[in-house]
>>> print(open('structure01.cif').read())   # mmCIF, C-alpha atoms and all ligand atoms
data_entry
loop_
_atom_site.label_atom_id
_atom_site.label_comp_id
_atom_site.auth_asym_id
_atom_site.auth_seq_id
_atom_site.Cartn_x
_atom_site.Cartn_y
_atom_site.Cartn_z
CA MET A 26 20.67 174.65 183.85
CA PRO A 27 18.38 172.70 181.43
CA LEU A 28 14.68 173.15 182.20
CA ILE A 29 12.39 170.13 182.10
CA ALA A 30 8.64 170.74 182.00
CA ILE A 31 6.84 167.99 183.89
CA LEU A 32 3.25 167.53 182.69
CA PRO A 33 1.76 164.62 184.70
CA GLY A 34 -1.79 164.84 183.30
CA ASP A 35 -4.56 162.44 184.24
CA GLY A 36 -5.21 158.98 185.63
CA ILE A 37 -1.95 157.10 186.16
CA GLY A 38 0.06 159.98 184.64
CA PRO A 39 1.01 161.55 188.01
CA GLU A 40 2.08 158.15 189.46
CA VAL A 41 4.35 157.19 186.57
CA THR A 42 5.90 160.64 186.09
CA ALA A 43 6.70 160.73 189.83
CA GLU A 44 8.79 157.56 189.46
CA ALA A 45 10.61 158.94 186.41
CA ARG A 46 11.34 162.12 188.34
CA ARG A 47 12.80 160.09 191.25
CA VAL A 48 15.11 158.31 188.80
CA LEU A 49 16.23 161.62 187.23
CA ASP A 50 16.80 163.11 190.70
CA ALA A 51 18.92 160.12 191.72
CA LEU A 52 21.29 160.83 188.82
CA ASP A 53 21.92 164.37 190.14
CA LEU A 54 22.27 165.87 186.67
CA GLY A 55 21.71 169.50 187.66
CA LEU A 56 18.33 169.76 185.93
CA ASP A 57 15.66 172.31 186.70
CA TYR A 58 11.98 171.30 186.74
CA GLU A 59 8.67 173.10 186.40
CA GLU A 60 5.40 171.23 186.73
CA ALA A 61 2.19 172.34 184.98
CA PRO A 62 -1.32 170.90 184.59
CA VAL A 63 -2.49 169.33 181.36
CA GLY A 64 -5.46 167.30 180.10
CA GLY A 65 -8.52 166.72 182.27
CA ALA A 66 -6.63 167.90 185.36
CA ALA A 67 -6.04 171.23 183.62
CA TYR A 68 -9.65 171.42 182.46
CA PHE A 69 -10.79 171.14 186.09
CA SER A 70 -8.16 173.54 187.48
CA ASP A 71 -7.94 176.11 184.65
CA GLY A 72 -10.97 175.49 182.42
CA HIS A 73 -8.89 174.30 179.44
CA PRO A 74 -6.92 171.06 178.74
CA LEU A 75 -3.91 173.07 177.56
CA PRO A 76 -3.94 176.34 179.53
CA ALA A 77 -1.83 179.30 178.40
CA ARG A 78 0.42 178.92 181.48
CA THR A 79 1.18 175.29 180.56
CA LEU A 80 1.94 176.20 176.95
CA GLU A 81 4.21 178.99 178.17
CA VAL A 82 6.26 176.55 180.30
CA ALA A 83 6.28 174.04 177.42
CA LYS A 84 7.69 176.66 175.03
CA ARG A 85 10.32 177.81 177.53
CA ALA A 86 11.49 174.33 178.54
CA ASP A 87 14.34 172.45 176.91
CA ALA A 88 12.33 169.23 177.05
CA LEU A 89 8.97 167.98 178.27
CA LEU A 90 8.20 164.87 180.29
CA PHE A 91 4.54 164.04 179.78
CA GLY A 92 2.43 161.46 181.62
CA ALA A 93 -0.94 160.73 180.05
CA VAL A 94 -4.24 162.42 179.29
CA GLY A 95 -7.79 161.13 179.30
CA ASP A 96 -10.58 161.36 181.87
CA PRO A 97 -14.01 159.71 181.52
CA ARG A 98 -15.57 162.66 183.34
CA CYS A 99 -14.75 164.71 180.24
CA ASP A 100 -16.34 162.33 177.73
CA ASN A 101 -19.29 164.61 177.01
CA LEU A 102 -17.34 167.86 176.71
CA GLU A 103 -17.04 169.63 173.38
CA ARG A 104 -14.09 168.21 171.44
CA HIS A 105 -11.81 171.26 171.91
CA LEU A 106 -12.12 170.89 175.71
CA ARG A 107 -11.40 167.17 175.88
CA PRO A 108 -8.15 166.10 177.60
CA GLU A 109 -6.71 164.52 174.44
CA GLN A 110 -6.64 167.94 172.77
CA ALA A 111 -3.77 168.84 175.12
CA ILE A 112 -1.33 166.36 173.64
CA LEU A 113 -2.47 167.07 170.08
CA GLY A 114 -2.13 170.80 170.79
CA LEU A 115 1.38 170.46 172.22
CA ARG A 116 2.54 168.38 169.26
CA LYS A 117 1.14 170.97 166.83
CA GLU A 118 2.23 174.10 168.74
CA LEU A 119 5.79 172.83 169.13
CA GLU A 120 5.75 171.25 165.64
CA LEU A 121 6.81 167.92 167.10
CA PHE A 122 6.20 165.89 163.96
CA ALA A 123 8.39 162.80 164.46
CA ASN A 124 7.45 160.25 167.08
CA LEU A 125 10.06 157.59 167.82
CA ARG A 126 8.55 154.55 169.51
CA PRO A 127 11.16 151.86 170.21
CA ALA A 128 9.69 148.40 170.82
CA ARG A 129 11.96 145.67 172.11
CA LEU A 130 11.60 142.66 174.32
CA PHE A 131 13.51 143.23 177.54
CA PRO A 132 15.35 140.19 178.93
CA GLY A 133 13.05 137.91 180.90
CA LEU A 134 9.80 139.32 179.52
CA GLU A 135 9.21 136.45 177.07
CA ASP A 136 6.53 135.08 179.38
CA ALA A 137 4.69 138.43 179.42
CA SER A 138 4.53 138.71 175.62
CA ALA A 139 1.35 137.93 173.73
CA LEU A 140 3.56 135.90 171.36
CA LYS A 141 5.45 132.60 171.63
CA PRO A 142 8.82 133.21 173.36
CA GLU A 143 10.91 132.33 170.30
CA VAL A 144 8.93 134.82 168.17
CA ALA A 145 8.81 137.55 170.84
CA GLY A 146 12.57 137.29 171.43
CA ALA A 147 13.25 138.78 168.00
CA ILE A 148 11.42 142.06 168.66
CA ASP A 149 13.73 145.05 168.40
CA MET A 150 12.34 147.82 166.24
CA VAL A 151 11.59 151.52 166.13
CA ILE A 152 8.18 152.61 164.91
CA ILE A 153 8.29 156.16 163.59
CA ARG A 154 4.85 157.73 163.69
CA GLU A 155 4.10 161.02 161.93
CA LEU A 156 2.42 163.32 164.48
CA ASN A 157 1.25 166.54 162.85
CA GLY A 158 -1.07 165.37 160.05
CA ASP A 159 -3.59 162.69 159.03
CA VAL A 160 -7.16 162.37 160.33
CA TYR A 161 -6.06 163.79 163.69
CA PHE A 162 -5.75 167.29 162.24
CA GLY A 163 -7.96 167.25 159.13
CA GLU A 164 -11.32 168.93 159.03
CA LYS A 165 -13.84 167.02 161.13
CA GLY A 166 -17.46 167.40 161.92
CA MET A 167 -20.96 166.03 162.14
CA ARG A 168 -23.64 166.77 159.54
CA THR A 169 -27.05 165.59 158.54
CA THR A 170 -27.47 163.82 155.21
CA ALA A 171 -30.25 164.60 152.74
CA SER A 172 -32.16 161.64 154.16
CA GLY A 173 -31.86 163.09 157.67
CA ARG A 174 -29.22 160.66 158.97
CA ARG A 175 -26.28 161.82 161.12
CA GLU A 176 -22.90 161.59 159.40
CA GLY A 177 -19.51 162.10 161.07
CA TYR A 178 -16.41 162.86 159.03
CA ASP A 179 -12.67 163.28 159.58
CA ILE A 180 -10.64 164.35 156.58
CA MET A 181 -7.40 162.40 156.12
CA SER A 182 -4.75 164.47 154.39
CA TYR A 183 -0.99 164.70 154.01
CA ASN A 184 0.99 167.07 151.82
CA GLU A 185 4.26 166.04 150.22
CA ASP A 186 6.43 168.15 152.53
CA GLU A 187 4.94 166.51 155.61
CA VAL A 188 5.62 163.08 154.13
CA ALA A 189 9.14 163.94 152.98
CA ARG A 190 10.29 165.22 156.39
CA ILE A 191 9.05 162.16 158.27
CA ALA A 192 10.46 159.87 155.57
CA ARG A 193 13.88 161.46 156.13
CA VAL A 194 13.62 160.74 159.86
CA GLY A 195 12.86 157.14 158.93
CA PHE A 196 15.86 156.82 156.62
CA GLU A 197 18.19 158.56 159.07
CA THR A 198 17.04 156.26 161.90
CA ALA A 199 17.54 153.21 159.68
CA ARG A 200 21.03 154.45 158.81
CA VAL A 201 22.19 154.21 162.44
CA ARG A 202 20.50 150.82 162.93
CA ASN A 203 20.31 147.94 160.44
CA LYS A 204 19.76 150.02 157.28
CA LYS A 205 16.29 148.56 156.69
CA LEU A 206 13.23 150.80 156.44
CA CYS A 207 9.68 149.56 156.00
CA SER A 208 7.14 152.21 155.00
CA VAL A 209 3.59 151.28 156.01
CA ASP A 210 0.58 152.69 154.15
CA LYS A 211 -2.69 151.68 152.52
CA ALA A 212 -1.76 152.75 149.00
CA ASN A 213 -4.13 150.26 147.38
CA VAL A 214 -7.12 152.20 148.77
CA LEU A 215 -6.16 155.67 150.04
CA GLU A 216 -5.04 158.68 148.00
CA THR A 217 -3.01 159.98 150.97
CA SER A 218 -1.19 156.66 151.07
CA GLN A 219 -0.47 156.76 147.33
CA LEU A 220 1.16 160.17 147.84
CA TRP A 221 2.94 158.79 150.93
CA ARG A 222 4.40 155.91 148.92
CA ASP A 223 5.42 158.12 145.96
CA VAL A 224 7.17 160.64 148.21
CA VAL A 225 8.95 157.98 150.30
CA ILE A 226 10.29 156.50 147.05
CA GLU A 227 11.44 159.97 145.89
CA VAL A 228 13.22 160.60 149.22
CA SER A 229 14.86 157.17 149.06
CA ALA A 230 17.13 158.52 146.29
CA GLU A 231 18.93 160.50 149.04
CA PHE A 232 19.57 157.28 150.98
CA PRO A 233 20.92 154.69 148.51
CA ASP A 234 22.46 152.70 151.38
CA ILE A 235 19.04 151.95 152.95
CA GLU A 236 16.92 148.99 151.87
CA LEU A 237 13.36 150.31 151.49
CA THR A 238 10.28 148.09 151.53
CA HIS A 239 6.58 148.95 151.54
CA MET A 240 3.79 147.18 153.34
CA TYR A 241 0.03 147.71 153.54
CA VAL A 242 -1.05 148.44 157.09
CA ASP A 243 -3.33 145.41 157.37
CA ASN A 244 -0.46 143.14 156.34
CA ALA A 245 1.88 144.97 158.75
CA ALA A 246 -0.52 144.29 161.64
CA MET A 247 -0.50 140.60 160.74
CA GLN A 248 3.28 140.45 160.21
CA LEU A 249 3.91 142.10 163.61
CA VAL A 250 2.33 139.06 165.23
CA ARG A 251 3.56 136.42 162.78
CA ASN A 252 7.18 137.47 162.36
CA PRO A 253 8.07 140.72 164.20
CA GLY A 254 11.80 140.01 163.83
CA GLN A 255 11.61 141.09 160.16
CA PHE A 256 11.09 144.76 161.20
CA ASP A 257 13.88 147.15 162.10
CA VAL A 258 12.53 150.66 161.40
CA ILE A 259 8.92 151.27 160.39
CA VAL A 260 7.80 154.70 159.19
CA THR A 261 4.10 155.40 158.97
CA GLY A 262 1.32 157.94 159.39
CA ASN A 263 -0.30 159.25 162.53
CA LEU A 264 -3.26 156.86 162.74
CA PHE A 265 -1.49 153.71 161.56
CA GLY A 266 1.47 154.43 163.87
CA ASP A 267 -0.81 154.93 166.85
CA ILE A 268 -2.44 151.54 166.30
CA LEU A 269 0.63 149.53 165.26
CA SER A 270 2.73 150.72 168.20
CA ASP A 271 0.09 149.64 170.74
CA GLN A 272 0.04 146.26 169.02
CA ALA A 273 3.84 146.04 169.04
CA SER A 274 3.89 146.89 172.75
CA MET A 275 1.85 143.82 173.68
CA CYS A 276 4.13 141.69 171.51
CA ALA A 277 7.01 143.12 173.59
CA GLY A 278 5.38 142.30 176.93
CA SER A 279 3.17 145.22 177.90
CA ILE A 280 2.04 148.66 176.82
CA GLY A 281 3.62 149.71 180.13
CA MET A 282 7.07 149.12 178.64
CA LEU A 283 7.06 151.40 175.57
CA PRO A 284 8.54 154.92 175.80
CA SER A 285 8.39 157.54 173.09
CA ALA A 286 10.04 160.74 171.92
CA ALA A 287 8.26 163.42 169.87
CA LEU A 288 10.90 165.46 168.06
CA ASN A 289 11.20 168.26 165.51
CA GLY A 290 14.91 168.35 164.75
CA SER A 291 15.61 171.36 167.02
CA GLY A 292 16.73 169.31 170.04
CA LYS A 293 13.55 170.09 171.90
CA GLY A 294 11.28 167.11 172.50
CA LEU A 295 8.26 165.78 174.32
CA TYR A 296 8.74 162.41 175.99
CA GLU A 297 5.88 160.21 177.13
CA PRO A 298 4.89 156.59 177.66
CA ILE A 299 2.77 155.41 174.72
CA HIS A 300 0.05 154.29 177.13
CA GLY A 301 -2.88 156.44 178.10
CA SER A 302 -4.27 157.49 181.47
CA ALA A 303 -5.78 154.07 182.40
CA PRO A 304 -8.49 155.57 184.64
CA ASP A 305 -9.55 152.07 185.77
CA ILE A 306 -6.32 151.63 187.74
CA ALA A 307 -5.54 155.28 188.56
CA GLY A 308 -4.40 155.96 192.12
CA GLN A 309 -4.07 152.28 192.99
CA GLY A 310 -0.32 151.90 192.55
CA LYS A 311 -0.83 149.28 189.82
CA ALA A 312 0.68 151.15 186.89
CA ASN A 313 4.00 150.13 185.38
CA PRO A 314 6.34 153.19 185.49
CA CYS A 315 8.96 151.63 183.17
CA ALA A 316 7.67 153.29 179.96
CA THR A 317 7.89 156.72 181.60
CA ILE A 318 11.29 156.01 183.16
CA LEU A 319 12.52 154.87 179.72
CA SER A 320 10.98 158.04 178.21
CA ALA A 321 13.10 160.05 180.68
CA ALA A 322 16.15 158.18 179.34
CA MET A 323 15.16 159.18 175.80
CA LEU A 324 14.82 162.79 177.00
CA LEU A 325 18.38 162.77 178.31
CA ARG A 326 19.65 161.20 175.09
CA TYR A 327 17.77 163.21 172.45
CA SER A 328 17.26 166.62 174.06
CA LEU A 329 20.21 166.99 176.44
CA GLY A 330 22.90 164.82 174.83
CA MET A 331 23.40 163.01 178.15
CA ASP A 332 23.95 159.59 176.59
CA ALA A 333 25.84 158.09 179.53
CA ALA A 334 23.02 158.94 181.95
CA ALA A 335 20.45 157.58 179.49
CA ASP A 336 22.45 154.34 179.19
CA ARG A 337 22.48 154.07 183.01
CA ILE A 338 18.69 154.35 183.23
CA GLU A 339 18.14 151.79 180.48
CA ALA A 340 20.61 149.41 182.12
CA ALA A 341 18.88 149.87 185.50
CA VAL A 342 15.44 149.07 184.04
CA THR A 343 16.91 145.98 182.40
CA ALA A 344 18.62 144.90 185.64
CA ALA A 345 15.42 145.43 187.66
CA LEU A 346 13.48 143.25 185.22
CA VAL A 347 16.19 140.59 185.18
CA SER A 348 16.07 140.52 189.00
CA GLY A 349 12.37 139.63 188.69
CA ALA A 350 10.77 143.00 189.43
CA ARG A 351 7.30 142.96 187.86
CA THR A 352 4.17 145.12 188.08
CA PRO A 353 0.78 143.42 187.51
CA ASP A 354 0.78 144.07 183.73
CA LEU A 355 3.93 141.91 183.57
CA GLY A 356 2.46 139.17 185.75
CA GLY A 357 3.92 140.45 189.04
CA SER A 358 2.63 142.16 192.16
CA LEU A 359 4.93 145.16 192.71
CA THR A 360 3.33 148.56 193.13
CA THR A 361 4.29 151.50 190.94
CA ARG A 362 6.47 152.85 193.77
CA GLU A 363 8.11 149.44 194.38
CA MET A 364 8.93 149.12 190.68
CA GLY A 365 10.49 152.59 190.85
CA ASP A 366 12.43 151.44 193.93
CA ALA A 367 13.71 148.39 192.02
CA VAL A 368 15.01 150.63 189.20
CA LEU A 369 16.60 153.01 191.73
CA LYS A 370 18.29 150.08 193.50
CA ALA A 371 19.70 148.85 190.18
CA LEU A 372 20.91 152.39 189.44
CA ALA A 373 22.91 152.63 192.64
N1 LIG B 401 0.88 159.15 177.07
C1 LIG B 401 0.04 158.98 175.93
C2 LIG B 401 -1.34 159.51 176.13
O1 LIG B 401 -1.65 160.26 177.00
N2 LIG B 401 -2.21 159.07 175.23
C3 LIG B 401 -3.56 159.53 175.23
C4 LIG B 401 -3.91 160.19 173.94
O2 LIG B 401 -4.85 160.92 173.89
N3 LIG B 401 -3.18 159.95 172.90
C5 LIG B 401 -3.45 160.47 171.63
C6 LIG B 401 -2.37 160.11 170.69
O3 LIG B 401 -1.35 159.56 171.09
O4 LIG B 401 -2.48 160.44 169.51
#
>>> encode(input="structure01.cif", output="structure tokens")
Amino acid sequence: MPLIAILPGDGIGPEVTAEARRVLDALDLGLDYEEAPVGGAAYFSDGHPLPARTLEVAKRADALLFGAVGDPRCDNLERHLRPEQAILGLRKELELFANLRPARLFPGLEDASALKPEVAGAIDMVIIRELNGDVYFGEKGMRTTASGRREGYDIMSYNEDEVARIARVGFETARVRNKKLCSVDKANVLETSQLWRDVVIEVSAEFPDIELTHMYVDNAAMQLVRNPGQFDVIVTGNLFGDILSDQASMCAGSIGMLPSAALNGSGKGLYEPIHGSAPDIAGQGKANPCATILSAAMLLRYSLGMDAAADRIEAAVTAALVSGARTPDLGGSLTTREMGDAVLKALA
């Protein structure tokens, strides 16, 4: 029986993972679940954002369904104890280096998009974010300059193997879509980006059927708003991918709509909404559970090979939205539970 680790985390994490779990249960797929604390919740219960018992379940599980981490009560903790270290730690420990973030406009959400309907309608892309390198994992610290001023630093680095493996995920993803890959970097300024671009070009020799383009990240941010329909698959680094996918989500209606899969090629994966813990609305039933429900669909597809069940979930989310079901982020008034109910009704 496949084991799913459920890691609800902080803020709205428990509310949205509960809805995804209800949808999985309704499909009666014979899955086994184990829940474990993570993030600020784990700091308060176990004294660490990623306790050994949570890591043990994560390593044993076939796949992980993750909610969100982040808690303002932890803002003044030392960095290694902050909730965000849990997700970074899981990605590193499990070597989950490839983050697939599909962004598309679901039918009827044109009015929720930050863009004009005719522009928003063309959004259907996958942003592939590298997850194990970049400023997130480089040396960081705080020092005092010779003139006595405080100076913070985060080293940005990528080696060629890290770039090559994520580039291959980009090309392979493009191969099963529209055969167009856009690599996003800042090669006119950053040494890491120059290496990124050189290595992506080297890897492209293995994929002669894929049309490769390059774009500077500042231009990509602008093009996402001006003409998002030009993008099919984007491959980029950890920091740029984090930012661009949040931007793409608002173009596609709401950050509450974007799921993600963090993969390493072994079949094991961590699945989570791209949104954070949203402490301002936690516990109020205002969160949109769709991104987490869609992340559960990705889990079934990528880790368990249950494509038919994944298709059913995606079709049910679409049908619920078409029927007018909307949480506040989409301009509606349904609660998190009611949105989950709408998806369950469409699943039946
Ligand atoms: N579900 C996503 C989440 O919890 N995000 C909070 C966070 O700390 N994210 C860091 C990152 O995605 O790099």
>>> closest_atom_pairs(input="structure01.cif", of="chain A", to="ligand LIG 401 (chain B)", cutoff="7 Å", atoms="all atoms listed in the file", output="Markdown table")
| residue | atom | partner | partner_atom | distance |
| --- | --- | --- | --- | --- |
| A:Phe91 | CA | B:LIG401 | N1 | 6.7 |
| A:Gly92 | CA | B:LIG401 | N1 | 5.3 |
| A:Ala93 | CA | B:LIG401 | O1 | 3.2 |
| A:Val94 | CA | B:LIG401 | O1 | 4.1 |
| A:Gly95 | CA | B:LIG401 | C3 | 6.1 |
| A:Glu109 | CA | B:LIG401 | O2 | 4.1 |
| A:Ile112 | CA | B:LIG401 | O2 | 6.5 |
| A:Leu113 | CA | B:LIG401 | O4 | 6.7 |
| A:Asp267 | CA | B:LIG401 | O3 | 6.3 |
| A:Glu297 | CA | B:LIG401 | N1 | 5.1 |
| A:Pro298 | CA | B:LIG401 | N1 | 4.8 |
| A:Ile299 | CA | B:LIG401 | C1 | 4.7 |
| A:His300 | CA | B:LIG401 | C1 | 4.8 |
| A:Gly301 | CA | B:LIG401 | N2 | 4.0 |
| A:Ser302 | CA | B:LIG401 | O1 | 5.9 |
>>> write_last_selection(input="structure01.cif", atoms="C-alpha atoms", output="CSV table (one decimal), in the coordinates of the input")
chain,number,residue,atom,x,y,z
A,91,PHE,CA,4.5,164.0,179.8
A,92,GLY,CA,2.4,161.5,181.6
A,93,ALA,CA,-0.9,160.7,180.0
A,94,VAL,CA,-4.2,162.4,179.3
A,95,GLY,CA,-7.8,161.1,179.3
A,109,GLU,CA,-6.7,164.5,174.4
A,112,ILE,CA,-1.3,166.4,173.6
A,113,LEU,CA,-2.5,167.1,170.1
A,267,ASP,CA,-0.8,154.9,166.8
A,297,GLU,CA,5.9,160.2,177.1
A,298,PRO,CA,4.9,156.6,177.7
A,299,ILE,CA,2.8,155.4,174.7
A,300,HIS,CA,0.0,154.3,177.1
A,301,GLY,CA,-2.9,156.4,178.1
A,302,SER,CA,-4.3,157.5,181.5
>>> closest_atom_pairs(input="structure01.cif", of="stretch 91-185 of chain A", to="stretch 233-249 of chain A", cutoff="10 Å", atoms="all atoms listed in the file", output="Markdown table")
| residue | atom | partner | partner_atom | distance |
| --- | --- | --- | --- | --- |
| A:Leu140 | CA | A:Leu249 | CA | 9.9 |
| A:Val144 | CA | A:Leu249 | CA | 9.9 |
| A:Ala145 | CA | A:Leu249 | CA | 9.8 |
| A:Ile148 | CA | A:Leu249 | CA | 9.1 |
>>> residues_around(input="structure01.cif", residues="A:Glu155", least_positions_apart="6", cutoff="10 Å", atoms="all atoms listed in the file", output="list in words")
Leu121, Phe122, Ala123, Asn124, Leu125, Glu187, Val188, Arg190, Ile191, Ala192, Val194, Val260, Thr261, Gly262, Asn263, Leu264, Phe265, Gly266, Asp267 and Ala287 of chain A
>>> residues_around(input="structure01.cif", residues="stretch 268-277 of chain A", least_positions_apart="3", cutoff="6 Å", atoms="all atoms listed in the file", output="number ranges by chain")
A: 129-130, 138-140, 265, 280
>>> write_last_selection(input="structure01.cif", atoms="C-alpha atoms", output="short mmCIF file (atom, residue, chain, number, x, y, z; two decimals), in the coordinates of the input")
data_model
loop_
_atom_site.label_atom_id
_atom_site.label_comp_id
_atom_site.auth_asym_id
_atom_site.auth_seq_id
_atom_site.Cartn_x
_atom_site.Cartn_y
_atom_site.Cartn_z
CA ARG A 129 11.96 145.67 172.11
CA LEU A 130 11.60 142.66 174.32
CA SER A 138 4.53 138.71 175.62
CA ALA A 139 1.35 137.93 173.73
CA LEU A 140 3.56 135.90 171.36
CA PHE A 265 -1.49 153.71 161.56
CA ILE A 280 2.04 148.66 176.82
#
>>> closest_residue(input="structure01.cif", among="A:Arg222, A:Arg193, A:Arg46, A:Arg126", to="A:Arg154", atoms="all atoms listed in the file")
A:Arg126
>>> residues_around(input="structure01.cif", residues="A:Pro39", least_positions_apart="4", cutoff="9 Å", atoms="all atoms listed in the file", output="list in words")
Leu32, Pro33, Gly34, Asp35, Ala43, Glu44, Gly92, Ala93 and Gly308 of chain A
>>> closest_residue(input="structure01.cif", among="A:Leu283, A:Ile226, A:Leu90, A:Ala212", to="A:Ile152", atoms="all atoms listed in the file")
A:Leu283
>>> closest_residue(input="structure01.cif", among="A:Leu324, A:Ala333, A:Glu227, A:Gly133", to="A:Ala345", atoms="only C-alpha atoms")
A:Gly133
>>> residues_around(input="structure01.cif", residues="A:Phe131", least_positions_apart="3", cutoff="8 Å", atoms="only C-alpha atoms", output="ChimeraX atom specification")
/A:134,277,343,346
>>> closest_residue(input="structure01.cif", among="A:Pro127, A:Ala321, A:Thr198, A:Lys293", to="A:Ile31", atoms="all atoms listed in the file")
A:Ala321
>>> axis_aligned_box(input="structure01.cif", around="stretch 357-372 of chain A", padding_each_side="8 Å", output="JSON")
{"center_x": 11.8, "center_y": 146.7, "center_z": 191.7, "size_x": 34.3, "size_y": 28.6, "size_z": 21.3}
>>> atom_distance(input="structure01.cif", atom1="atom CA of A:Asp57", atom2="atom CA of A:Leu28")
4.7 Å
>>> atom_distance(input="structure01.cif", atom1="atom CA of A:Phe232", atom2="atom CA of A:Asn213")
25.0 Å
>>> residues_around(input="structure01.cif", residues="A:Leu52", least_positions_apart="6", cutoff="10 Å", atoms="only C-alpha atoms", output="list in words")
Ala334, Ala335, Arg337, Ile338, Leu369, Leu372 and Ala373 of chain A
